[in-house]
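A short worksheet on the structure shown next.
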Amino acid sequence: MMLLKKIDWYIIRKFLGTFLLIIVLFTVVAIVFDITEKLDDFLDNDAPLSEIVLIYYPNFIPYLLVLYTPLFLFIATILFTSRLAAKSEIIAITNTGMSFRRFFRPYFVTAAIVCSLNLYANHWLLPNANKKRIAFENKYINLHYENNTDNIHMQVDKNTYMYVQNFRVSDTTGFKFSIDKFKDGKLIWKLRSEKVIWNEPTKQWKVVNYVIRNNYTNHESLHEGKDTLMTINFSPQDFGRKTEETSALNARELNDVIKNETLKGSDSVVYYLIEKYKRTAMPFAMFILIVIGVSLSARKLRGGTGLHLAIGIALCFVYIFFQQFSATFSTNSSLPAWLGVWIPNFLFAAIAWYLYRKAPK
């Protein structure tokens with residue numbers, strides 16, 4: 001078991017104190033700005049004060065904190081380490097015989113604690129908070145959202161394929177709808193319809209002005225009808241989710257969606273995979289950012305903390321840019337989703353190693 005000395009506990013305590021102070025200050029500022037931005041929406045749409053105070057912000061704050069935890073920890077690393085360097089405490093610590101490598105131990109202990117909490121929050125706690133936050137926003141803020149989709153091709157099951165020319169989210173209605181069933185590569189059943197409408201009470205689709213062609217045997221038959229209710233293995237949600245709604249899926253729900261979308265041959269499966277892998281890659285980036293932060297801040301410079309902070313934040317924004325840029329390769333090319341998400345971590349791990357090698361020992 002790793003033993004921590006008194007100096008380790010001193011660093012952990014002071015480091016966590018700086019981290020928590022940054023969180024509190026950011027939360028206060030973020031809430032003030034958010035209230036200023038959304039105040040008109042709250043008033044115009046008669047959002048109850050009780051729901052704003054007891055539902056929206058208690059679930060909005062975790063969303064912000066979990067999302068920006070790596071950035072907060074990185075800023076805390078630079079501020080705290082710069083302060084140690086400015087007071088020559090790092091020199092005093094290393095003069096006791098502690099190596100620069102050993103100096104990282106309390107930082108990594110702190111990162112391990114925060115990373116573990118962040119992982120659990122990303123996969124389980126935050127999605128549940130996002131459900132309530134998004135429900136509130138859809139009720140009182142995003143009232144005019146429309147998510148119409150065109151030319152949808154979807155695999156319903158192993159041998160069944162669906163097409164709809166246009167789907168209107170506002171009334172869950174699809175136009176120019178068709179379903180094809182195959183057996184041994186041969187088309188055996190086909191349905192064509194002018195319109196389909198989702199029936200929420202029965203969880204079925206109302207098929208309007210349809211034609212069914214049967215070809216199970218060598219004898220082909222046609223059947224026409226005005227409208228009927230049919231059970232088909234998809235729902236309006238399968239026609240596309242908003243990005244925010246994806247963030248409201250916990251680990252189990254996200255895996256179920258990925259499984260279903262893969263079975264249906266949906267092009268959107270890569271977006272869910274990116275969401276899944278990001279929830280793990282971002283917390284582990286804390287270790288990399290800590291190495292960068294300590295390596296940059298351990299040297300006493302004339303510019304002091306301000307210069308360290310400016311360089312660190314610049315690197316952090318470069319990391320965020322690469323995170324988005326590499327994910328685009330996964331959505332627009334054949335690059336595996338996990339690799340697209342983890343490439344920034346691999347790249348910045350190399351940068352962290354270089355800065356560590358160049359840091360004063």
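Starting from 1 in every chain, residues are counted up; chains themselves are A, B, ... following the order of the structure tokens, and ligands are numbered from 1 as listed.
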> Which neighbours of Thr110 of chain A fall inside 10 Å, counting only C-alpha atoms, when residues of the same chain fewer than 4 positions from it are skipped, and could you give them as a PyMOL selection string?
Replying inline: chain A and resi 11-13+15-16+73+105-106+114-115+287
Any chance you could export the current selection's all heavy atoms as an mmCIF file, in the first residue's frame?
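Result file is result-v9.cif:
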```
data_model
loop_
_atom_site.group_PDB
_atom_site.id
_atom_site.type_symbol
_atom_site.label_atom_id
_atom_site.label_comp_id
_atom_site.auth_asym_id
_atom_site.auth_seq_id
_atom_site.Cartn_x
_atom_site.Cartn_y
_atom_site.Cartn_z
ATOM 1 N N ILE A 11 0.243 18.797 0.762
ATOM 2 C CA ILE A 11 -0.001 19.143 -0.646
ATOM 3 C C ILE A 11 -1.428 18.789 -1.048
ATOM 4 O O ILE A 11 -2.118 19.577 -1.714
ATOM 5 C CB ILE A 11 1.019 18.427 -1.562
ATOM 6 C CG1 ILE A 11 2.422 18.978 -1.312
ATOM 7 C CG2 ILE A 11 0.635 18.590 -3.025
ATOM 8 C CD1 ILE A 11 3.515 18.247 -2.069
ATOM 9 N N ILE A 12 -1.904 17.595 -0.654
ATOM 10 C CA ILE A 12 -3.257 17.170 -1.013
ATOM 11 C C ILE A 12 -4.297 18.131 -0.439
ATOM 12 O O ILE A 12 -5.234 18.548 -1.135
ATOM 13 C CB ILE A 12 -3.521 15.733 -0.510
ATOM 14 C CG1 ILE A 12 -2.685 14.726 -1.314
ATOM 15 C CG2 ILE A 12 -5.008 15.384 -0.638
ATOM 16 C CD1 ILE A 12 -2.735 13.309 -0.768
ATOM 17 N N ARG A 13 -4.113 18.503 0.830
ATOM 18 C CA ARG A 13 -5.073 19.392 1.488
ATOM 19 C C ARG A 13 -5.113 20.759 0.815
ATOM 20 O O ARG A 13 -6.192 21.299 0.509
ATOM 21 C CB ARG A 13 -4.711 19.526 2.971
ATOM 22 C CG ARG A 13 -5.739 20.309 3.781
ATOM 23 C CD ARG A 13 -5.422 20.291 5.267
ATOM 24 N NE ARG A 13 -4.166 20.990 5.558
ATOM 25 C CZ ARG A 13 -3.039 20.378 5.889
ATOM 26 N NH1 ARG A 13 -2.991 19.047 5.959
ATOM 27 N NH2 ARG A 13 -1.947 21.079 6.154
ATOM 28 N N PHE A 15 -4.005 21.532 -2.206
ATOM 29 C CA PHE A 15 -4.397 21.361 -3.602
ATOM 30 C C PHE A 15 -5.913 21.239 -3.721
ATOM 31 O O PHE A 15 -6.558 21.911 -4.540
ATOM 32 C CB PHE A 15 -3.699 20.130 -4.174
ATOM 33 C CG PHE A 15 -3.937 19.897 -5.644
ATOM 34 C CD1 PHE A 15 -4.188 20.945 -6.516
ATOM 35 C CD2 PHE A 15 -3.897 18.611 -6.167
ATOM 36 C CE1 PHE A 15 -4.397 20.727 -7.875
ATOM 37 C CE2 PHE A 15 -4.103 18.382 -7.512
ATOM 38 C CZ PHE A 15 -4.355 19.433 -8.366
ATOM 39 N N LEU A 16 -6.512 20.378 -2.875
ATOM 40 C CA LEU A 16 -7.967 20.230 -2.895
ATOM 41 C C LEU A 16 -8.662 21.527 -2.499
ATOM 42 O O LEU A 16 -9.721 21.866 -3.041
ATOM 43 C CB LEU A 16 -8.392 19.101 -1.957
ATOM 44 C CG LEU A 16 -8.294 17.679 -2.498
ATOM 45 C CD1 LEU A 16 -8.639 16.671 -1.420
ATOM 46 C CD2 LEU A 16 -9.189 17.481 -3.717
ATOM 47 N N LEU A 73 -9.492 21.319 -12.407
ATOM 48 C CA LEU A 73 -8.348 20.667 -11.770
ATOM 49 C C LEU A 73 -7.040 21.150 -12.377
ATOM 50 O O LEU A 73 -6.034 21.324 -11.674
ATOM 51 C CB LEU A 73 -8.472 19.146 -11.911
ATOM 52 C CG LEU A 73 -7.562 18.310 -11.008
ATOM 53 C CD1 LEU A 73 -7.957 18.490 -9.548
ATOM 54 C CD2 LEU A 73 -7.615 16.836 -11.381
ATOM 55 N N ARG A 105 3.350 12.396 -6.492
ATOM 56 C CA ARG A 105 2.459 11.427 -5.859
ATOM 57 C C ARG A 105 1.201 12.054 -5.257
ATOM 58 O O ARG A 105 0.078 11.587 -5.545
ATOM 59 C CB ARG A 105 3.200 10.625 -4.792
ATOM 60 C CG ARG A 105 2.306 9.592 -4.101
ATOM 61 C CD ARG A 105 3.053 8.823 -3.027
ATOM 62 N NE ARG A 105 4.063 7.957 -3.611
ATOM 63 C CZ ARG A 105 4.832 7.131 -2.891
ATOM 64 N NH1 ARG A 105 4.695 7.112 -1.563
ATOM 65 N NH2 ARG A 105 5.733 6.383 -3.476
ATOM 66 N N PRO A 106 1.288 13.080 -4.428
ATOM 67 C CA PRO A 106 0.044 13.646 -3.864
ATOM 68 C C PRO A 106 -0.887 14.237 -4.934
ATOM 69 O O PRO A 106 -2.113 14.203 -4.776
ATOM 70 C CB PRO A 106 0.554 14.730 -2.908
ATOM 71 C CG PRO A 106 1.948 15.022 -3.336
ATOM 72 C CD PRO A 106 2.481 13.744 -3.885
ATOM 73 N N VAL A 114 -10.607 12.471 -7.687
ATOM 74 C CA VAL A 114 -11.499 13.281 -8.523
ATOM 75 C C VAL A 114 -11.907 12.513 -9.779
ATOM 76 O O VAL A 114 -13.067 12.560 -10.204
ATOM 77 C CB VAL A 114 -10.825 14.617 -8.898
ATOM 78 C CG1 VAL A 114 -11.734 15.443 -9.809
ATOM 79 C CG2 VAL A 114 -10.483 15.420 -7.647
ATOM 80 N N CYS A 115 -10.964 11.783 -10.373
ATOM 81 C CA CYS A 115 -11.253 11.001 -11.590
ATOM 82 C C CYS A 115 -12.299 9.931 -11.307
ATOM 83 O O CYS A 115 -13.222 9.734 -12.104
ATOM 84 C CB CYS A 115 -9.970 10.370 -12.113
ATOM 85 S SG CYS A 115 -10.199 9.317 -13.568
ATOM 86 N N PHE A 287 -5.060 13.206 -15.354
ATOM 87 C CA PHE A 287 -3.683 12.821 -15.017
ATOM 88 C C PHE A 287 -2.693 13.488 -15.968
ATOM 89 O O PHE A 287 -1.633 13.965 -15.555
ATOM 90 C CB PHE A 287 -3.532 11.301 -15.074
ATOM 91 C CG PHE A 287 -4.328 10.572 -14.032
ATOM 92 C CD1 PHE A 287 -5.576 10.041 -14.322
ATOM 93 C CD2 PHE A 287 -3.840 10.433 -12.738
ATOM 94 C CE1 PHE A 287 -6.313 9.373 -13.364
ATOM 95 C CE2 PHE A 287 -4.572 9.758 -11.766
ATOM 96 C CZ PHE A 287 -5.810 9.232 -12.076
#
```
>> Residues within 9 Å of Ile52 of chain A, please, as a ChimeraX atom specification. Count only C-alpha atoms; anything in the same chain fewer than 5 positions from it doesn't count.
In response: /A:42,47,57-58,136
For the selection you just gave me, I'd like the residues written to a file as a PDB file, in the first residue's frame, keeping N, CA and C atoms.
```pdb
ATOM      1  N   PHE A  42     -37.661  32.712 -18.475  1.00  0.00           N
ATOM      2  CA  PHE A  42     -38.365  32.353 -17.243  1.00  0.00           C
ATOM      3  C   PHE A  42     -39.633  33.184 -17.083  1.00  0.00           C
ATOM      4  N   ALA A  47     -42.246  30.355 -15.777  1.00  0.00           N
ATOM      5  CA  ALA A  47     -41.574  29.278 -15.052  1.00  0.00           C
ATOM      6  C   ALA A  47     -41.709  29.528 -13.552  1.00  0.00           C
ATOM      7  N   TYR A  57     -31.781  24.539 -11.241  1.00  0.00           N
ATOM      8  CA  TYR A  57     -30.396  24.820 -10.852  1.00  0.00           C
ATOM      9  C   TYR A  57     -29.730  23.692 -10.059  1.00  0.00           C
ATOM     10  N   PRO A  58     -30.447  22.937  -9.217  1.00  0.00           N
ATOM     11  CA  PRO A  58     -29.798  21.777  -8.589  1.00  0.00           C
ATOM     12  C   PRO A  58     -29.338  20.726  -9.588  1.00  0.00           C
ATOM     13  N   PHE A 136     -36.957  20.439 -17.969  1.00  0.00           N
ATOM     14  CA  PHE A 136     -37.287  21.825 -17.600  1.00  0.00           C
ATOM     15  C   PHE A 136     -37.043  22.762 -18.777  1.00  0.00           C
TER      16      PHE A 136
END
```
>> Rounded to one decimal, what separation in Å do you get between atom CA of Gln204 of chain A and atom CA of Glu253 of chain A?
In response: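 Distance between the two atoms: 21.9 Å.
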May I have a table of the residues of segment 62-175 of chain A lying at most 12 Å from segment 220-237 of chain A, giving each one's closest pair of atoms and their distance in Å to one decimal, counting only C-alpha atoms, ordered by chain and ascending residue number, as a tab-separated table?
```
residue	atom	partner	partner_atom	distance
A:Asn147	CA	A:Gln237	CA	10.6
A:Asn148	CA	A:Pro236	CA	10.9
A:Thr149	CA	A:Pro236	CA	11.0
A:Met154	CA	A:Phe234	CA	9.4
A:Gln155	CA	A:Phe234	CA	9.6
A:Val156	CA	A:Asn233	CA	6.0
A:Asp157	CA	A:Asn233	CA	7.6
A:Lys158	CA	A:Asn233	CA	11.4
A:Thr160	CA	A:Asn233	CA	9.7
A:Tyr161	CA	A:Asn233	CA	10.5
A:Met162	CA	A:Phe234	CA	9.7
A:Tyr163	CA	A:Phe234	CA	11.9
A:Val164	CA	A:Pro236	CA	11.8
A:Phe167	CA	A:Pro236	CA	8.7
A:Arg168	CA	A:Pro236	CA	9.3
A:Val169	CA	A:Pro236	CA	7.5
A:Ser170	CA	A:Pro236	CA	10.4
A:Asp171	CA	A:Pro236	CA	9.9
A:Thr172	CA	A:Pro236	CA	6.3
A:Thr173	CA	A:Pro236	CA	8.7
A:Gly174	CA	A:Pro236	CA	9.3
```
> Restricting the calculation to only C-alpha atoms, which member of A:Thr331, A:Ser247, A:Asn214, A:Thr96 is positioned closest to Leu125 of chain A?
Replying inline: A:Ser247
>> At a cut-off of 10 Å, using only C-alpha atoms, what residues contact segment 17-31 of chain A? Leave out same-chain residues fewer than 4 positions from it and give the result as a ChimeraX atom specification.
In response: /A:11-13,35-37,57,60-62,64-65,68-69,72-77,79-80
Compile the contact shell of segment 192-200 of chain A as a tab-separated table (two decimals) with all heavy atoms, in the first residue's frame: residues with an atom at most 6 Å away, counting only C-alpha atoms, same-chain residues fewer than 3 positions apart removed.
```tsv
chain	number	residue	atom	x	y	z
A	172	THR	N	-45.28	13.80	-34.75
A	172	THR	CA	-44.81	12.40	-34.95
A	172	THR	C	-45.46	11.76	-36.18
A	172	THR	O	-46.06	10.69	-36.12
A	172	THR	CB	-45.09	11.54	-33.70
A	172	THR	OG1	-46.50	11.51	-33.43
A	172	THR	CG2	-44.34	12.06	-32.50
A	173	THR	N	-45.33	12.46	-37.31
A	173	THR	CA	-45.91	12.00	-38.57
A	173	THR	C	-44.83	11.83	-39.61
A	173	THR	O	-43.98	12.71	-39.79
A	173	THR	CB	-46.97	12.99	-39.08
A	173	THR	OG1	-48.00	13.14	-38.10
A	173	THR	CG2	-47.58	12.51	-40.40
A	174	GLY	N	-44.84	10.68	-40.31
A	174	GLY	CA	-43.90	10.42	-41.39
A	174	GLY	C	-44.63	10.32	-42.72
A	174	GLY	O	-45.79	9.89	-42.78
A	175	PHE	N	-43.94	10.72	-43.81
A	175	PHE	CA	-44.56	10.72	-45.13
A	175	PHE	C	-43.74	9.85	-46.09
A	175	PHE	O	-42.53	9.76	-45.98
A	175	PHE	CB	-44.63	12.16	-45.66
A	175	PHE	CG	-45.42	13.09	-44.78
A	175	PHE	CD1	-44.80	13.82	-43.76
A	175	PHE	CD2	-46.79	13.21	-44.94
A	175	PHE	CE1	-45.53	14.67	-42.95
A	175	PHE	CE2	-47.54	14.08	-44.12
A	175	PHE	CZ	-46.90	14.79	-43.13
A	176	LYS	N	-44.48	9.23	-47.07
A	176	LYS	CA	-43.85	8.34	-48.05
A	176	LYS	C	-43.06	7.25	-47.33
A	176	LYS	O	-41.84	7.18	-47.37
A	176	LYS	CB	-42.95	9.13	-49.00
A	176	LYS	CG	-43.64	10.22	-49.79
A	176	LYS	CD	-44.72	9.65	-50.72
A	176	LYS	CE	-45.37	10.75	-51.54
A	176	LYS	NZ	-46.45	10.23	-52.42
A	177	PHE	N	-43.80	6.39	-46.67
A	177	PHE	CA	-43.23	5.37	-45.79
A	177	PHE	C	-43.24	4.01	-46.48
A	177	PHE	O	-44.18	3.68	-47.21
A	177	PHE	CB	-44.05	5.32	-44.49
A	177	PHE	CG	-43.67	4.23	-43.55
A	177	PHE	CD1	-42.56	4.35	-42.72
A	177	PHE	CD2	-44.44	3.08	-43.47
A	177	PHE	CE1	-42.22	3.35	-41.84
A	177	PHE	CE2	-44.11	2.07	-42.59
A	177	PHE	CZ	-43.00	2.20	-41.77
A	178	SER	N	-42.19	3.22	-46.24
A	178	SER	CA	-42.17	1.86	-46.80
A	178	SER	C	-41.35	0.93	-45.90
A	178	SER	O	-40.43	1.37	-45.21
A	178	SER	CB	-41.59	1.84	-48.22
A	178	SER	OG	-40.21	2.15	-48.20
A	203	LYS	N	-48.79	2.51	-28.48
A	203	LYS	CA	-47.39	2.32	-28.90
A	203	LYS	C	-47.32	1.62	-30.25
A	203	LYS	O	-46.49	0.77	-30.51
A	203	LYS	CB	-46.61	1.49	-27.87
A	203	LYS	CG	-46.64	2.05	-26.45
A	203	LYS	CD	-45.97	3.41	-26.38
A	203	LYS	CE	-45.97	3.96	-24.95
A	203	LYS	NZ	-45.40	5.32	-24.86
A	204	GLN	N	-48.23	2.03	-31.16
A	204	GLN	CA	-48.27	1.47	-32.51
A	204	GLN	C	-48.25	2.61	-33.53
A	204	GLN	O	-48.41	3.78	-33.18
A	204	GLN	CB	-49.53	0.60	-32.71
A	204	GLN	CG	-49.55	-0.67	-31.88
A	204	GLN	CD	-50.85	-1.44	-32.11
A	204	GLN	OE1	-51.94	-0.92	-31.88
A	204	GLN	NE2	-50.72	-2.68	-32.57
A	205	TRP	N	-48.08	2.22	-34.79
A	205	TRP	CA	-48.10	3.20	-35.88
A	205	TRP	C	-49.41	3.08	-36.66
A	205	TRP	O	-49.83	1.97	-37.02
A	205	TRP	CB	-46.93	2.96	-36.84
A	205	TRP	CG	-45.60	3.32	-36.26
A	205	TRP	CD1	-44.72	2.47	-35.65
A	205	TRP	CD2	-45.01	4.62	-36.24
A	205	TRP	NE1	-43.61	3.15	-35.24
A	205	TRP	CE2	-43.75	4.47	-35.59
A	205	TRP	CE3	-45.39	5.87	-36.69
A	205	TRP	CZ2	-42.89	5.55	-35.40
A	205	TRP	CZ3	-44.55	6.95	-36.50
A	205	TRP	CH2	-43.31	6.78	-35.85
A	206	LYS	N	-50.04	4.22	-36.89
A	206	LYS	CA	-51.21	4.25	-37.76
A	206	LYS	C	-50.72	4.43	-39.19
A	206	LYS	O	-50.10	5.44	-39.53
A	206	LYS	CB	-52.14	5.41	-37.37
A	206	LYS	CG	-53.39	5.50	-38.24
A	206	LYS	CD	-54.26	6.68	-37.82
A	206	LYS	CE	-55.49	6.79	-38.71
A	206	LYS	NZ	-56.34	7.94	-38.34
A	207	VAL	N	-51.00	3.43	-40.03
A	207	VAL	CA	-50.55	3.43	-41.42
A	207	VAL	C	-51.71	3.86	-42.31
A	207	VAL	O	-52.77	3.23	-42.29
A	207	VAL	CB	-50.03	2.04	-41.84
A	207	VAL	CG1	-49.47	2.07	-43.25
A	207	VAL	CG2	-48.97	1.54	-40.85
A	208	VAL	N	-51.53	4.94	-43.06
A	208	VAL	CA	-52.62	5.56	-43.83
A	208	VAL	C	-52.40	5.33	-45.33
A	208	VAL	O	-51.31	5.53	-45.84
A	208	VAL	CB	-52.69	7.08	-43.54
A	208	VAL	CG1	-53.82	7.72	-44.34
A	208	VAL	CG2	-52.87	7.33	-42.05
A	209	ASN	N	-53.49	4.89	-46.01
A	209	ASN	CA	-53.46	4.66	-47.46
A	209	ASN	C	-52.27	3.78	-47.85
A	209	ASN	O	-51.32	4.22	-48.48
A	209	ASN	CB	-53.41	5.99	-48.22
A	209	ASN	CG	-54.67	6.81	-48.04
A	209	ASN	OD1	-55.75	6.28	-47.82
A	209	ASN	ND2	-54.53	8.13	-48.11
A	210	TYR	N	-52.37	2.52	-47.48
A	210	TYR	CA	-51.23	1.61	-47.65
A	210	TYR	C	-51.52	0.54	-48.71
A	210	TYR	O	-52.67	0.23	-49.04
A	210	TYR	CB	-50.89	0.95	-46.32
A	210	TYR	CG	-51.98	0.05	-45.77
A	210	TYR	CD1	-52.01	-1.32	-46.07
A	210	TYR	CD2	-53.00	0.56	-44.96
A	210	TYR	CE1	-53.00	-2.13	-45.58
A	210	TYR	CE2	-54.00	-0.24	-44.46
A	210	TYR	CZ	-54.00	-1.60	-44.78
A	210	TYR	OH	-54.99	-2.41	-44.31
A	211	VAL	N	-50.43	-0.01	-49.20
A	211	VAL	CA	-50.48	-1.15	-50.13
A	211	VAL	C	-49.46	-2.17	-49.63
A	211	VAL	O	-48.30	-1.84	-49.37
A	211	VAL	CB	-50.12	-0.73	-51.57
A	211	VAL	CG1	-50.10	-1.96	-52.49
A	211	VAL	CG2	-51.11	0.30	-52.09
```
Write out as a PDB file with C-alpha atoms, in the first residue's frame each polymer residue whose atoms come within 6 Å of Lys190 of chain A, counting only C-alpha atoms; drop sequence neighbours fewer than 5 positions from it.
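Heads up, here's the output in selection28.pdb:
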```pdb
ATOM      1  CA  ILE A 179     -40.983  -1.402 -45.211  1.00  0.00           C
ATOM      2  CA  ASP A 180     -39.188  -4.251 -47.012  1.00  0.00           C
ATOM      3  CA  ILE A 212     -49.008  -4.506 -49.052  1.00  0.00           C
ATOM      4  CA  ARG A 213     -47.338  -6.825 -51.556  1.00  0.00           C
TER       5      ARG A 213
END
```
Selection near segment 351-354 of chain A, 7 Å with only C-alpha atoms, sequence-local residues under 4 positions removed, as a PDB file with N, CA and C atoms, in the first residue's frame:
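Output file result-v5.pdb is given in full below:
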```pdb
ATOM      1  N   ILE A 288      -3.063  13.528 -17.252  1.00  0.00           N
ATOM      2  CA  ILE A 288      -2.194  14.146 -18.247  1.00  0.00           C
ATOM      3  C   ILE A 288      -2.087  15.646 -18.000  1.00  0.00           C
ATOM      4  N   VAL A 291       0.211  16.507 -15.067  1.00  0.00           N
ATOM      5  CA  VAL A 291       1.639  16.452 -15.406  1.00  0.00           C
ATOM      6  C   VAL A 291       2.041  17.719 -16.155  1.00  0.00           C
ATOM      7  N   ILE A 292       1.200  18.139 -17.097  1.00  0.00           N
ATOM      8  CA  ILE A 292       1.496  19.376 -17.838  1.00  0.00           C
ATOM      9  C   ILE A 292       1.500  20.570 -16.895  1.00  0.00           C
ATOM     10  N   LEU A 347      -1.882  12.261 -27.751  1.00  0.00           N
ATOM     11  CA  LEU A 347      -1.052  13.383 -28.190  1.00  0.00           C
ATOM     12  C   LEU A 347      -0.568  14.212 -27.006  1.00  0.00           C
ATOM     13  N   LYS A 358      11.633  18.287 -19.435  1.00  0.00           N
ATOM     14  CA  LYS A 358      12.278  19.608 -19.470  1.00  0.00           C
ATOM     15  C   LYS A 358      12.082  20.405 -18.171  1.00  0.00           C
TER      16      LYS A 358
END
```
> So which bits of segment 150-264 of chain A end up strand (DSSP E) when you DSSP the backbone, as number ranges by chain?
Replying inline: A: 150-157, 160-168, 173-183, 186-199, 204-214, 221-230
> Of the residues A:Asp8, A:Asp46, A:Glu261, A:Glu89, which is the one nearest to Arg299 of chain A, using only C-alpha atoms?
Replying inline: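 The closest residue to Arg299 of chain A is A:Glu89.
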>> List as a PyMOL selection string the protein and nucleic acid residues near Ala135 of chain A, meaning an atom at most 10 Å away when only C-alpha atoms are counted, but skip any in the same chain fewer than 5 places from it.
In response: chain A and resi 55-56+130+140-142+245
> Quick one, how far is atom CA of Ala112 of chain A from atom CA of Ile290 of chain A?
Replying inline: 11.1 Å
> Quick one: DSSP alpha helix (DSSP H) residues in segment 10-259 of chain A, as number ranges by chain?
Replying inline: A: 10-44, 49-51, 57-86, 89-95, 100-103, 105-120, 126-140, 243-246, 251-259
